[in-house]
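Engineer: Sharing a structure here in structure tokens format.
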Protein chains: 12
Amino acid sequence: MSEAVFKGVEIVGTSDQSFSHAIEVAVQRARQTLHNLSWFVVKEQRGGLQQGRLEYQVTLCVYFKLDKMENPMNAGDQAGEQV
Amino acid sequence: MSEAVFKGVEIVGTSDQSFSHAIEVAVQRARQTLHNLSWFVVKEQRGGLQQGRLEYQVTLCVYFKLDKMENPMNAGDQAGEQV
Amino acid sequence: MSEAVFKGVEIVGTSDQSFSHAIEVAVQRARQTLHNLSWFVVKEQRGGLQQGRLEYQVTLCVYFKLDKMENPMNAGDQAGEQV
Amino acid sequence: MSEAVFKGVEIVGTSDQSFSHAIEVAVQRARQTLHNLSWFVVKEQRGGLQQGRLEYQVTLCVYFKLDKMENPMNAGDQAGEQV
Amino acid sequence: MSEAVFKGVEIVGTSDQSFSHAIEVAVQRARQTLHNLSWFVVKEQRGGLQQGRLEYQVTLCVYFKLDKMENPMNAGDQAGEQV
Amino acid sequence: MSEAVFKGVEIVGTSDQSFSHAIEVAVQRARQTLHNLSWFVVKEQRGGLQQGRLEYQVTLCVYFKLDKMENPMNAGDQAGEQV
Amino acid sequence: MSEAVFKGVEIVGTSDQSFSHAIEVAVQRARQTLHNLSWFVVKEQRGGLQQGRLEYQVTLCVYFKLDKMENPMNAGDQAGEQV
Amino acid sequence: MSEAVFKGVEIVGTSDQSFSHAIEVAVQRARQTLHNLSWFVVKEQRGGLQQGRLEYQVTLCVYFKLDKMENPMNAGDQAGEQV
Amino acid sequence: MSEAVFKGVEIVGTSDQSFSHAIEVAVQRARQTLHNLSWFVVKEQRGGLQQGRLEYQVTLCVYFKLDKMENPMNAGDQAGEQV
Amino acid sequence: MSEAVFKGVEIVGTSDQSFSHAIEVAVQRARQTLHNLSWFVVKEQRGGLQQGRLEYQVTLCVYFKLDKMENPMNAGDQAGEQV
Amino acid sequence: MSEAVFKGVEIVGTSDQSFSHAIEVAVQRARQTLHNLSWFVVKEQRGGLQQGRLEYQVTLCVYFKLDKMENPMNAGDQAGEQV
Amino acid sequence: MSEAVFKGVEIVGTSDQSFSHAIEVAVQRARQTLHNLSWFVVKEQRGGLQQGRLEYQVTLCVYFKLDKMENPMNAGDQAGEQV
């Protein structure tokens, strides 16, 4: 019952506006191909300063729930995320 | 004179808006029962991603100055914070 | 709605049996005086080796949800946990 | 000969029983879609405490050996894991 | 027998003399309201340099043994420290 | 414009020659299936010492730029890397 | 060609508004005397809580490219930054 | 009186059963040649996954009390542990 | 008002007497050329043991307040510290 | 006698060849303007992977001995490095 | 069978040539008195810069397999390494 | 010439007086059996608080130079320290 398994994926979002916006950019992109997103952790906050502008870069680890595999032999047919 | 003693308390603030707002939420709650708040340190920034929304969670350590105890025997009667 | 605030408390559980049992001992003791326990994080695993025995010691940070204070003036009358 | 390359994947296993069981749950799930598993590292041990129960959560990094690609042009035809 | 539970509290001691004195100041203050103090860990050593003086600041985590609760219902009547 | 998103992948390269060669081995392998590689970070340097030889092992995190998805519904048809 | 050398300088920006503003304040001040700013890394986020206000303090490491020295003997005559 | 000196030794225990058993294996081996064992700290938990099995590996630092040396010249004749 | 900017400088003080004295030696030297010193953080404590003596070495990060630049064009004429 | 004071400066060297070369590049540049260089510490090893090449980047902290100031009033006249 | 125990020893190798050579120097020296060397981990990379030269210093932790003791009473007669 | 090898040993010194004294106690004990001591690093500062007293405990890593082995076959006959 409680034996859920999650996978973590490291992504870096960038934005000209703020660290908050960089997180939203990264999460929005992750939602396009990953389902069952559950939580994220901020790993690092850096930024670019070239040519007078300020670019915010946030490294996140995003976690999502893996589907239970009924029949591992047919892994390729499953719609959910795999390890 | 300079022999002040401070206590640190770990709190986690949450917000649907931003990490900044989550910090304000946590500090505002701490002010309701703690006096002489002095400074805070951000320990971790995470968040929830369930059901399509983005919840910001900030773990802070909030520090406040402890009152000098004139008479330790009457600790229970003192109005200020205790260790 | 989402503006919950949690407090973290550091406790160390000990056991002659295992680290798992030391965690249970610590959590069971925390439940006696803290309500709304939410999650914990293992901070350190050490142990004692004196006189031929093996004592397991686990340092945890246990987090619980703080009650919303309707009226900060009456903090002392509230049943829930305070900061 | 010795020029093997491995890939690391972060997974979180959960269990109502123990941290050891949570590791087994995570590894068992990884074996369903990953081959050539080699080693793992425990990154974090946390848990849930809601509603009176104790859920163990272990974050692992699981490493597996990548297949050598004879012909990178045909990557899609290869049976083994890819980066 | 061995199932003791300890609680850790973070305090910051300050002194014009030395880090050693700042630790003594912090421990002495903790002894006024906490019983069964067992051990401490130095977490950080910093200091103030304003107006030509040197103030030593030490962040400690101080641990003390929690009393066993015979009857959790009467927690408020117990003399010892609570979680 | 500036809202690029990158993904980080952890790989371990091994070599009988040197840590530098182990990095080259890992990067060369990553280039076979990943496009738009941008930067890497060295996470750990270890090695094997069995049977009198010295094997260098480097754990890297390799980052590459994710393609913008015009139409998330057709994710499977896209040539670039996905989260 | 690729043998550039950068220098990192640690600065702390403060703001009454937000951590983002504190970063802007720090970067703006650095631009007044440093040229060729390239990137920054957030090292710590803390803040002041005295007298009921909330002051945001961000410790950054700011990196800028050092000029190539054609003639080290004349270091004092060079316009660019020095180590 | 209180001027005891301890030495720490790093050992790695392995087991097919559990991390707890791996710790027992390591401590049992240490007891064969070291006396006055006092405490241990868990440094890392990893494991092997080759050939379908799960091997638990725990890195410990084990500490033991050093004997007082009455006559350093005769170090070789002393029965207790040396630095 | 609150938009102050500070700079951190890493220095290592040494002493034959104690770590406390090594800190004083480092701070005293920093005061000779830096103004508006505000605070310091101890980063590392090491020491030399050669030829039978004990030398204490403390690595500090010392922070001082940067002057506001009214006219960045005349940076060279300003008396205060620069980034 | 033993009361020397050192200053640490963070620099990043880059090279197309190897991390070792990147260190040499950084140290060589530091020698052009800093005297009495004493030791360095490797803080981070990263690299660029754009356009099919591999650029090595090493972040070092380089330490050099500060001159004793006989007369702090004349700091500007001294040939050696200042804080 | 799988209950092997390893011991870790910290050594620092130095070289005028490179970090790689410093590792080889350290491992070669360890092989002279330790048997069953299994693996190593790089802990720190530093170096000396005095008198215009560059000395590479690598701190390693080297691990070797401990012999099984059939008869602990005769520990002194065993040929293999002891804890 | 420069190919020296050092070994690091972890020791814990205790004292009723101060951390400085605990370091001296530990170093003095190490000198009784180890030769060519070179440097030490402070790893942790903790202490005991039982029965109203304050015991200082410092964990050090002490490094000493290993002798060059001319003839590894006669390791047992050498007077200097071995790995």
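The chains in the structure tokens are called A, B, ... from first to last as shown; in each chain the residues are counted from 1, and the ligands are counted from 1 in the order shown.
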Write down as number ranges by chain the residues of chain A whose backbone DSSP state falls under alpha helix (DSSP H).
Structural biologist: A: 19-33
Engineer: Near chain A, which residues of chain G fall within 8 Å when you count only C-alpha atoms, and what do they look like as a list in words?
Structural biologist: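 Using only C-alpha atoms, chain G residues at most 8 Å from chain A: Ser20, Asn36, Leu37, Ser38, Trp39, Phe40, Val41 and Val42 of chain G.
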Engineer: When you count only C-alpha atoms, which of these residues is closest to Gly13 in chain H: K:His35, K:Lys43, K:Leu66, K:Gln28?
Structural biologist: K:Leu66
Engineer: Run DSSP on the backbone and give me the residues of range 25-68 of chain F it puts in strand (DSSP E or B), as a list in words.
Structural biologist: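 Here is the list: Leu37, Ser38, Trp39, Phe40, Val41, Val42, Lys43, Glu44, Gln45, Arg46, Gly47, Gly48, Glu55, Tyr56, Gln57, Val58, Thr59, Leu60, Cys61, Val62, Tyr63, Phe64 and Lys65 of chain F.
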Engineer: Give chain B as a PDB file with C-alpha atoms, in the first residue's frame once it has been least-squares superposed onto chain L over every C-alpha atom, paired in order.
Structural biologist:
```
ATOM      1  CA  MET B   1      62.652  14.551  -3.444  1.00  0.00           C
ATOM      2  CA  SER B   2      59.249  16.073  -3.068  1.00  0.00           C
ATOM      3  CA  GLU B   3      57.505  12.703  -3.049  1.00  0.00           C
ATOM      4  CA  ALA B   4      56.846  12.556   0.667  1.00  0.00           C
ATOM      5  CA  VAL B   5      53.902  10.569   2.009  1.00  0.00           C
ATOM      6  CA  PHE B   6      52.044  11.419   5.227  1.00  0.00           C
ATOM      7  CA  LYS B   7      49.538   9.457   7.275  1.00  0.00           C
ATOM      8  CA  GLY B   8      46.591  10.963   9.135  1.00  0.00           C
ATOM      9  CA  VAL B   9      45.334   9.571  12.436  1.00  0.00           C
ATOM     10  CA  GLU B  10      42.100  10.647  14.141  1.00  0.00           C
ATOM     11  CA  ILE B  11      42.346  11.269  17.883  1.00  0.00           C
ATOM     12  CA  VAL B  12      40.020  12.828  20.457  1.00  0.00           C
ATOM     13  CA  GLY B  13      41.476  14.800  23.350  1.00  0.00           C
ATOM     14  CA  THR B  14      39.484  15.690  26.465  1.00  0.00           C
ATOM     15  CA  SER B  15      40.013  18.284  29.168  1.00  0.00           C
ATOM     16  CA  ASP B  16      38.206  19.919  32.079  1.00  0.00           C
ATOM     17  CA  GLN B  17      39.853  23.244  31.263  1.00  0.00           C
ATOM     18  CA  SER B  18      39.368  24.286  27.633  1.00  0.00           C
ATOM     19  CA  PHE B  19      39.391  23.162  24.004  1.00  0.00           C
ATOM     20  CA  SER B  20      42.969  24.440  23.748  1.00  0.00           C
ATOM     21  CA  HIS B  21      44.037  22.198  26.607  1.00  0.00           C
ATOM     22  CA  ALA B  22      42.205  19.239  25.054  1.00  0.00           C
ATOM     23  CA  ILE B  23      44.249  19.748  21.878  1.00  0.00           C
ATOM     24  CA  GLU B  24      47.478  19.853  23.872  1.00  0.00           C
ATOM     25  CA  VAL B  25      46.492  16.668  25.725  1.00  0.00           C
ATOM     26  CA  ALA B  26      45.831  14.881  22.430  1.00  0.00           C
ATOM     27  CA  VAL B  27      49.013  16.101  20.727  1.00  0.00           C
ATOM     28  CA  GLN B  28      51.161  15.255  23.753  1.00  0.00           C
ATOM     29  CA  ARG B  29      49.812  11.704  23.740  1.00  0.00           C
ATOM     30  CA  ALA B  30      50.374  11.355  19.999  1.00  0.00           C
ATOM     31  CA  ARG B  31      53.997  12.458  20.380  1.00  0.00           C
ATOM     32  CA  GLN B  32      54.646   9.509  22.696  1.00  0.00           C
ATOM     33  CA  THR B  33      54.348   6.936  19.891  1.00  0.00           C
ATOM     34  CA  LEU B  34      54.372   8.907  16.628  1.00  0.00           C
ATOM     35  CA  HIS B  35      57.395  10.670  15.175  1.00  0.00           C
ATOM     36  CA  ASN B  36      57.679  13.347  12.526  1.00  0.00           C
ATOM     37  CA  LEU B  37      54.341  14.935  13.450  1.00  0.00           C
ATOM     38  CA  SER B  38      53.655  17.628  10.842  1.00  0.00           C
ATOM     39  CA  TRP B  39      50.226  19.249  11.207  1.00  0.00           C
ATOM     40  CA  PHE B  40      46.699  18.733  12.559  1.00  0.00           C
ATOM     41  CA  VAL B  41      43.153  19.723  11.623  1.00  0.00           C
ATOM     42  CA  VAL B  42      40.294  20.304  14.093  1.00  0.00           C
ATOM     43  CA  LYS B  43      37.353  18.157  12.974  1.00  0.00           C
ATOM     44  CA  GLU B  44      34.815  18.645  15.754  1.00  0.00           C
ATOM     45  CA  GLN B  45      34.364  20.385  19.095  1.00  0.00           C
ATOM     46  CA  ARG B  46      31.885  18.858  21.539  1.00  0.00           C
ATOM     47  CA  GLY B  47      31.684  18.398  25.248  1.00  0.00           C
ATOM     48  CA  GLY B  48      30.126  16.642  28.237  1.00  0.00           C
ATOM     49  CA  LEU B  49      27.764  18.414  30.638  1.00  0.00           C
ATOM     50  CA  GLN B  50      26.919  15.699  33.140  1.00  0.00           C
ATOM     51  CA  GLN B  51      26.879  16.291  36.899  1.00  0.00           C
ATOM     52  CA  GLY B  52      27.308  20.001  36.630  1.00  0.00           C
ATOM     53  CA  ARG B  53      30.762  20.007  35.083  1.00  0.00           C
ATOM     54  CA  LEU B  54      31.909  20.959  31.578  1.00  0.00           C
ATOM     55  CA  GLU B  55      34.251  18.581  29.755  1.00  0.00           C
ATOM     56  CA  TYR B  56      35.814  19.761  26.481  1.00  0.00           C
ATOM     57  CA  GLN B  57      36.308  17.155  23.715  1.00  0.00           C
ATOM     58  CA  VAL B  58      38.177  17.921  20.483  1.00  0.00           C
ATOM     59  CA  THR B  59      38.422  15.559  17.539  1.00  0.00           C
ATOM     60  CA  LEU B  60      41.669  16.118  15.622  1.00  0.00           C
ATOM     61  CA  CYS B  61      43.248  14.559  12.596  1.00  0.00           C
ATOM     62  CA  VAL B  62      47.008  14.459  13.234  1.00  0.00           C
ATOM     63  CA  TYR B  63      49.379  13.957  10.275  1.00  0.00           C
ATOM     64  CA  PHE B  64      52.950  12.606  10.361  1.00  0.00           C
ATOM     65  CA  LYS B  65      55.520  11.848   7.691  1.00  0.00           C
ATOM     66  CA  LEU B  66      56.064   8.208   6.779  1.00  0.00           C
ATOM     67  CA  ASP B  67      59.606   6.903   6.473  1.00  0.00           C
ATOM     68  CA  LYS B  68      60.851   5.908   3.069  1.00  0.00           C
ATOM     69  CA  MET B  69      61.141   2.126   2.946  1.00  0.00           C
ATOM     70  CA  GLU B  70      64.405   1.058   1.383  1.00  0.00           C
ATOM     71  CA  ASN B  71      63.578  -2.602   1.599  1.00  0.00           C
ATOM     72  CA  PRO B  72      59.904  -3.391   1.954  1.00  0.00           C
ATOM     73  CA  MET B  73      60.687  -6.990   2.866  1.00  0.00           C
ATOM     74  CA  ASN B  74      62.075  -5.883   6.233  1.00  0.00           C
ATOM     75  CA  ALA B  75      59.236  -3.599   7.164  1.00  0.00           C
ATOM     76  CA  GLY B  76      59.106  -5.038  10.681  1.00  0.00           C
ATOM     77  CA  ASP B  77      62.654  -3.920  11.422  1.00  0.00           C
ATOM     78  CA  GLN B  78      62.135  -0.275  10.650  1.00  0.00           C
ATOM     79  CA  ALA B  79      62.058   2.203  13.479  1.00  0.00           C
ATOM     80  CA  GLY B  80      59.774   4.812  11.833  1.00  0.00           C
ATOM     81  CA  GLU B  81      55.988   4.801  11.453  1.00  0.00           C
ATOM     82  CA  GLN B  82      54.303   2.610   8.851  1.00  0.00           C
ATOM     83  CA  VAL B  83      51.036   3.037   6.992  1.00  0.00           C
TER      84      VAL B  83
END
```
